[in-house]
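Content type mmCIF, C-alpha atoms and all ligand atoms, from the file model_34.cif:
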```cif
data_upload
#
loop_
_atom_site.label_atom_id
_atom_site.label_comp_id
_atom_site.auth_asym_id
_atom_site.auth_seq_id
_atom_site.Cartn_x
_atom_site.Cartn_y
_atom_site.Cartn_z
CA MET A 1 0.00 0.00 0.00
CA SER A 2 1.48 3.33 -1.03
CA ALA A 3 1.72 6.08 1.60
CA THR A 4 -0.04 8.68 -0.52
CA PRO A 5 -3.81 8.16 -0.39
CA LEU A 6 -5.41 7.50 -3.76
CA LEU A 7 -8.06 10.12 -3.04
CA GLN A 8 -8.07 12.98 -0.59
CA LEU A 9 -10.71 15.63 -0.03
CA ARG A 10 -9.62 18.56 2.11
CA ASP A 11 -12.32 20.96 3.26
CA LEU A 12 -14.07 20.45 -0.08
CA ARG A 13 -17.00 22.71 -0.87
CA VAL A 14 -19.53 22.29 -3.66
CA ALA A 15 -22.35 24.69 -4.42
CA TYR A 16 -25.35 24.99 -6.70
CA GLY A 17 -25.32 28.74 -7.33
CA ALA A 18 -25.61 30.40 -3.93
CA ILE A 19 -26.61 27.18 -2.20
CA GLU A 20 -23.72 25.26 -0.67
CA ALA A 21 -24.61 21.55 -0.71
CA VAL A 22 -21.21 20.30 0.48
CA LYS A 23 -19.89 22.54 3.24
CA GLY A 24 -16.24 21.64 3.64
CA ILE A 25 -15.70 17.90 3.92
CA SER A 26 -12.45 16.01 4.39
CA LEU A 27 -11.99 12.34 3.67
CA GLU A 28 -9.45 9.98 2.20
CA LEU A 29 -9.19 6.59 0.58
CA ALA A 30 -6.04 4.49 0.61
CA HIS A 31 -5.22 2.31 -2.40
CA GLY A 32 -7.40 -0.78 -2.40
CA GLU A 33 -9.83 0.37 0.28
CA LEU A 34 -13.58 -0.10 0.16
CA VAL A 35 -15.12 2.87 1.93
CA SER A 36 -18.72 3.94 2.14
CA LEU A 37 -20.41 7.27 2.55
CA ILE A 38 -23.81 7.04 4.18
CA GLY A 39 -26.42 9.61 5.09
CA ALA A 40 -30.02 10.62 4.69
CA ASN A 41 -31.58 11.82 1.48
CA GLY A 42 -30.30 15.32 0.66
CA ALA A 43 -27.15 15.05 2.79
CA GLY A 44 -24.88 15.81 -0.17
CA LYS A 45 -23.61 12.34 -1.09
CA THR A 46 -24.36 12.54 -4.82
CA THR A 47 -23.00 16.07 -4.95
CA THR A 48 -19.75 14.80 -3.41
CA LEU A 49 -19.38 11.94 -5.92
CA ASN A 50 -20.13 14.22 -8.86
CA ALA A 51 -17.51 16.68 -7.67
CA ILE A 52 -14.95 13.87 -7.41
CA ALA A 53 -15.83 12.61 -10.91
CA GLY A 54 -15.74 16.15 -12.29
CA THR A 55 -19.31 16.43 -13.51
CA LEU A 56 -19.69 19.24 -10.94
CA GLY A 57 -17.13 21.94 -10.19
CA THR A 58 -15.84 22.66 -6.70
CA ALA A 59 -16.37 25.92 -4.80
CA GLY A 60 -13.41 25.56 -2.45
CA GLY A 61 -11.01 23.22 -0.75
CA GLU A 62 -8.80 20.59 -2.33
CA LEU A 63 -9.47 17.45 -4.31
CA LEU A 64 -6.33 15.35 -4.59
CA TYR A 65 -5.98 12.19 -6.66
CA GLU A 66 -2.69 10.33 -6.29
CA GLY A 67 -1.52 13.39 -4.36
CA LYS A 68 -2.21 15.88 -7.17
CA GLY A 69 -4.93 18.53 -7.33
CA ILE A 70 -7.54 17.64 -9.97
CA GLU A 71 -10.08 20.39 -9.21
CA LYS A 72 -9.58 21.88 -12.68
CA LEU A 73 -9.30 18.62 -14.61
CA PRO A 74 -12.30 17.93 -16.89
CA ALA A 75 -14.36 14.80 -16.21
CA HIS A 76 -13.16 12.88 -19.29
CA LEU A 77 -9.52 13.32 -18.28
CA ARG A 78 -10.32 12.11 -14.75
CA LEU A 79 -11.91 9.05 -16.35
CA ARG A 80 -8.77 8.50 -18.38
CA ARG A 81 -6.76 8.56 -15.15
CA GLY A 82 -8.91 5.82 -13.71
CA LEU A 83 -11.65 7.68 -11.88
CA ALA A 84 -15.02 6.21 -12.89
CA LEU A 85 -18.52 7.01 -11.64
CA VAL A 86 -21.56 4.74 -11.72
CA PRO A 87 -24.15 7.48 -11.34
CA GLU A 88 -27.32 7.53 -9.27
CA GLY A 89 -30.10 6.10 -11.42
CA ARG A 90 -27.44 4.19 -13.42
CA GLY A 91 -27.22 6.49 -16.45
CA ILE A 92 -27.85 3.70 -18.96
CA PHE A 93 -28.35 4.62 -22.62
CA THR A 94 -31.76 3.00 -22.84
CA ARG A 95 -31.97 2.87 -26.66
CA LEU A 96 -28.54 1.34 -27.16
CA THR A 97 -27.80 -2.33 -26.80
CA VAL A 98 -26.09 -3.78 -23.77
CA GLU A 99 -22.88 -4.23 -25.78
CA GLU A 100 -22.98 -0.62 -27.01
CA ASN A 101 -23.48 0.57 -23.44
CA LEU A 102 -20.50 -1.46 -22.25
CA ARG A 103 -18.27 -0.21 -25.06
CA MET A 104 -19.17 3.40 -24.16
CA GLY A 105 -17.13 2.84 -21.01
CA ALA A 106 -14.02 2.35 -23.13
CA TYR A 107 -14.54 5.35 -25.42
CA CYS A 108 -11.50 7.17 -24.10
CA ARG A 109 -9.17 4.18 -24.52
CA ARG A 110 -6.82 3.51 -27.42
CA ASP A 111 -5.58 0.10 -26.25
CA HIS A 112 -8.15 -1.80 -28.28
CA ASP A 113 -6.81 -5.31 -27.63
CA ALA A 114 -6.88 -4.70 -23.89
CA VAL A 115 -10.46 -3.44 -24.19
CA GLU A 116 -11.49 -6.77 -25.74
CA ALA A 117 -9.74 -8.61 -22.90
CA ASP A 118 -11.52 -6.42 -20.34
CA LEU A 119 -14.86 -7.13 -22.02
CA GLU A 120 -14.20 -10.83 -21.50
CA ARG A 121 -13.36 -10.17 -17.84
CA VAL A 122 -16.63 -8.27 -17.40
CA PHE A 123 -18.52 -11.16 -19.02
CA THR A 124 -16.98 -13.59 -16.56
CA MET A 125 -17.98 -11.36 -13.67
CA LEU A 126 -21.45 -10.65 -15.08
CA PRO A 127 -22.64 -13.74 -16.97
CA ARG A 128 -26.20 -12.39 -17.20
CA VAL A 129 -24.93 -9.38 -19.07
CA LYS A 130 -23.16 -11.59 -21.59
CA GLU A 131 -26.41 -13.43 -22.32
CA ARG A 132 -28.07 -10.15 -23.25
CA LEU A 133 -25.47 -8.34 -25.29
CA GLN A 134 -27.75 -7.49 -28.21
CA GLN A 135 -30.77 -6.58 -26.08
CA VAL A 136 -31.80 -2.91 -25.97
CA ALA A 137 -30.71 -1.76 -22.52
CA GLY A 138 -33.98 0.02 -21.71
CA THR A 139 -35.75 -3.35 -21.68
CA LEU A 140 -33.53 -4.83 -18.96
CA SER A 141 -34.66 -5.19 -15.35
CA GLY A 142 -33.35 -2.68 -12.81
CA GLY A 143 -30.79 -5.13 -11.49
CA GLU A 144 -29.52 -5.97 -14.97
CA GLN A 145 -29.24 -2.25 -15.78
CA GLN A 146 -27.21 -1.75 -12.63
CA MET A 147 -24.89 -4.56 -13.73
CA VAL A 148 -24.49 -2.96 -17.15
CA ALA A 149 -23.71 0.38 -15.48
CA ILE A 150 -21.03 -1.27 -13.36
CA GLY A 151 -19.71 -3.21 -16.37
CA ARG A 152 -19.50 0.00 -18.39
CA ALA A 153 -17.48 1.66 -15.63
CA LEU A 154 -15.15 -1.38 -15.50
CA LEU A 155 -14.49 -0.99 -19.23
CA SER A 156 -12.68 2.26 -18.43
CA ARG A 157 -10.23 0.23 -16.28
CA PRO A 158 -10.91 2.22 -13.13
CA ARG A 159 -8.51 2.53 -10.23
CA LEU A 160 -11.16 4.32 -8.21
CA LEU A 161 -14.78 3.33 -8.68
CA LEU A 162 -17.45 5.70 -7.36
CA LEU A 163 -20.80 3.95 -6.87
CA ASP A 164 -23.89 6.05 -6.22
CA GLU A 165 -26.69 4.05 -4.55
CA PRO A 166 -26.26 0.80 -6.48
CA SER A 167 -29.01 -0.85 -4.40
CA MET A 168 -31.63 1.79 -5.09
CA GLY A 169 -35.01 0.39 -6.11
CA LEU A 170 -33.81 -3.23 -6.23
CA ALA A 171 -35.22 -6.27 -4.48
CA PRO A 172 -33.09 -7.74 -1.67
CA LEU A 173 -31.95 -10.78 -3.68
CA VAL A 174 -30.90 -8.58 -6.57
CA VAL A 175 -29.08 -6.24 -4.18
CA GLU A 176 -27.16 -9.26 -2.89
CA LYS A 177 -26.04 -10.10 -6.43
CA ILE A 178 -24.95 -6.52 -7.10
CA PHE A 179 -22.95 -6.47 -3.89
CA GLU A 180 -21.28 -9.77 -4.82
CA VAL A 181 -20.17 -8.09 -8.03
CA ILE A 182 -18.87 -5.06 -6.10
CA ARG A 183 -16.98 -7.39 -3.80
CA SER A 184 -15.30 -9.15 -6.72
CA VAL A 185 -14.33 -5.78 -8.22
CA ALA A 186 -12.79 -4.81 -4.87
CA ALA A 187 -10.98 -8.15 -4.74
CA GLU A 188 -9.27 -7.23 -8.02
CA GLY A 189 -7.70 -4.28 -6.21
CA VAL A 190 -9.99 -1.51 -7.40
CA THR A 191 -10.48 1.17 -4.74
CA ILE A 192 -14.17 1.83 -4.12
CA LEU A 193 -16.15 4.70 -2.67
CA LEU A 194 -19.69 3.48 -2.17
CA VAL A 195 -22.60 5.82 -1.50
CA GLU A 196 -25.58 4.13 0.11
CA GLN A 197 -28.77 5.09 1.86
CA ASN A 198 -28.98 1.49 3.04
CA ALA A 199 -26.65 2.10 5.99
CA ASN A 200 -26.84 -1.40 7.40
CA LEU A 201 -25.74 -2.96 4.14
CA ALA A 202 -22.99 -0.40 3.52
CA LEU A 203 -21.52 -0.64 7.02
CA GLU A 204 -21.44 -4.42 6.99
CA PHE A 205 -19.87 -4.38 3.58
CA SER A 206 -17.10 -1.80 3.87
CA GLN A 207 -13.88 -1.45 5.81
CA ARG A 208 -14.50 2.16 6.78
CA ALA A 209 -17.31 4.62 6.43
CA TYR A 210 -18.15 8.29 6.72
CA VAL A 211 -21.52 9.64 7.82
CA MET A 212 -22.72 12.76 6.05
CA GLU A 213 -25.40 15.13 7.35
CA SER A 214 -26.47 18.40 5.76
CA GLY A 215 -23.28 18.81 3.73
CA ARG A 216 -20.87 17.87 6.50
CA ILE A 217 -19.15 14.70 7.66
CA THR A 218 -20.28 14.12 11.22
CA LEU A 219 -18.85 10.67 11.98
CA ALA A 220 -16.17 8.38 10.63
CA GLY A 221 -14.88 4.97 11.61
CA SER A 222 -14.69 1.33 10.73
CA GLY A 223 -17.88 -0.29 9.49
CA ALA A 224 -18.11 -2.28 12.72
CA GLU A 225 -17.59 0.81 14.93
CA LEU A 226 -20.31 2.75 13.18
CA LEU A 227 -22.69 -0.22 13.25
CA ALA A 228 -22.27 -0.26 17.04
CA ASP A 229 -22.56 3.53 17.46
CA PRO A 230 -25.84 4.48 19.22
CA LYS A 231 -26.15 7.71 17.18
CA VAL A 232 -25.81 5.80 13.93
CA ARG A 233 -28.23 3.14 15.12
CA ALA A 234 -30.79 5.76 16.07
CA ALA A 235 -30.46 7.89 12.95
CA TYR A 236 -29.79 5.34 10.20
CA LEU A 237 -30.66 1.88 11.38
CA GLY A 238 -34.15 2.68 12.57
CA GLU A 239 -33.63 2.05 16.27
N1 LIG B 301 -29.01 20.48 -9.39
C1 LIG B 301 -29.24 20.98 -8.16
N2 LIG B 301 -29.55 22.26 -7.97
C2 LIG B 301 -29.76 22.79 -6.73
N3 LIG B 301 -29.69 22.05 -5.60
C3 LIG B 301 -29.39 20.77 -5.72
C4 LIG B 301 -29.15 20.15 -6.99
N4 LIG B 301 -28.87 18.84 -6.80
C5 LIG B 301 -28.95 18.65 -5.46
N5 LIG B 301 -29.25 19.79 -4.81
C6 LIG B 301 -29.40 19.98 -3.37
O1 LIG B 301 -28.15 19.68 -2.75
C7 LIG B 301 -28.37 18.96 -1.54
C8 LIG B 301 -27.62 17.64 -1.60
O2 LIG B 301 -28.20 16.82 -2.60
P1 LIG B 301 -27.58 15.41 -3.02
O3 LIG B 301 -26.11 15.56 -3.16
O4 LIG B 301 -28.33 14.92 -4.17
O5 LIG B 301 -27.89 14.54 -1.71
P2 LIG B 301 -27.90 12.96 -1.49
O6 LIG B 301 -27.25 12.33 -2.67
O7 LIG B 301 -27.15 12.77 -0.22
O8 LIG B 301 -29.33 12.57 -1.37
C9 LIG B 301 -29.86 18.81 -1.37
O9 LIG B 301 -30.31 19.85 -0.52
C10 LIG B 301 -30.39 19.00 -2.78
O10 LIG B 301 -31.67 19.54 -2.77
MG MG B 302 -27.97 10.90 -3.97
#
```
I need this file expressed as structure tokens, please.
Amino acid sequence: MSATPLLQLRDLRVAYGAIEAVKGISLELAHGELVSLIGANGAGKTTTLNAIAGTLGTAGGELLYEGKGIEKLPAHLRLRRGLALVPEGRGIFTRLTVEENLRMGAYCRRDHDAVEADLERVFTMLPRVKERLQQVAGTLSGGEQQMVAIGRALLSRPRLLLLDEPSMGLAPLVVEKIFEVIRSVAAEGVTILLVEQNANLALEFSQRAYVMESGRITLAGSGAELLADPKVRAAYLGE
């Protein structure tokens, strides 16, 4: 594990016009970590992920990737450096086929042979996706669409995968499958920042977690510590 964190946010601020949605948060991810960010609806989780991916600009603070400031780097260049987002709601191109969706993930790559090899890897990880390559993506179930969204992100060869509410709207059994996939991605050494409203699931699943409330990080610790924390239990685990 290298000493420099893969990702570091220092007092990061993100605003929509005059409204500050992220009010100075600091967090870091070491290489290979699986960390989650939990919090109620409207806490600023999606805003944070979009700022990291570069689809939203920052209003202050620092955003360091491999120790270098990337605040001014456009989203497509962050993707090329290995920073991939699976957005809230999945962001599938509903009229394109599954295969076309997957290949979109590799649009910024020139190493075409390696892309084909990565496609095969994704097929091994997501056999259901392979069965449906020529199906129009809009006709897939929610769980299948989520798998395509993850597969598409993997086609960019991410070093840091940002996942925004992958369990949203899915039945428990399907959620389990999605989380198995996330676990196998993590096992390949990809660093993961997982945003979840399902706090129980996220805390059991990740090594460390941050709790976000109204644009600020209010608690941080290991998954087990936060699961045992009375404040977390009261606010997020329905006790
Ligand atoms: N496009 C937008 N314009 C203005 N305010 C927004 C926009 N998107 C989100 N917000 C506001 O920013 C805050 C954080 O939202 P969001 O990051 O989506 O929270 P979460 O993902 O934790 O549910 C909320 O108060 C939300 O209303
Ligand atoms: Mg959100």
Item to check | Surrounding residues of region 105-110 of chain A excluding itself and chain neighbours under 4 positions, 7 Å, all atoms listed in the file, as an NGL selection string | outcome: :A and (80 or 115 or 152-153 or 155-156)
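Relative to CA of Leu9 (chain A), CA of Glu28 (chain A) is found at 6.2 Å.
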With 9 Å as the cut-off and all atoms listed in the file counted, what is the closest atom pair between each nearby residue of chain A and ligand MG 302 (chain B)? Distances in Å to one decimal, ordered by chain and number, as a tab-separated table.
```
residue	atom	partner	partner_atom	distance
A:Ala40	CA	B:MG302	MG	8.9
A:Asn41	CA	B:MG302	MG	6.6
A:Gly42	CA	B:MG302	MG	6.8
A:Ala43	CA	B:MG302	MG	8.0
A:Gly44	CA	B:MG302	MG	6.9
A:Lys45	CA	B:MG302	MG	5.4
A:Thr46	CA	B:MG302	MG	4.1
A:Thr47	CA	B:MG302	MG	7.2
A:Leu49	CA	B:MG302	MG	8.9
A:Pro87	CA	B:MG302	MG	9.0
A:Glu88	CA	B:MG302	MG	6.3
A:Asp164	CA	B:MG302	MG	6.7
A:Glu165	CA	B:MG302	MG	7.0
A:Val195	CA	B:MG302	MG	7.8
A:Glu196	CA	B:MG302	MG	8.3
A:Gln197	CA	B:MG302	MG	8.3
```
Checklist entry - When distances are computed from all atoms listed in the file, which of A:Gly238, A:Pro230, A:Gly89, A:Gly143 shows the smallest separation from Val129 (chain A)? => result A:Gly143
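Comparing A:Thr48, A:Thr55, A:Asn198, A:Gln145 by their smallest distance to Leu96 (chain A), the closest is A:Gln145 (using all atoms listed in the file).
Between CA of Glu120 (chain A) and CA of Glu66 (chain A) the interatomic distance comes to 28.5 Å.
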Checklist entry - What's the 12 Å shell around Glu176 (chain A), counting only C-alpha atoms, without same-chain residues fewer than 3 positions away, as a ChimeraX atom specification? => result /A:143,166-167,170-173,179-183,201-202,205
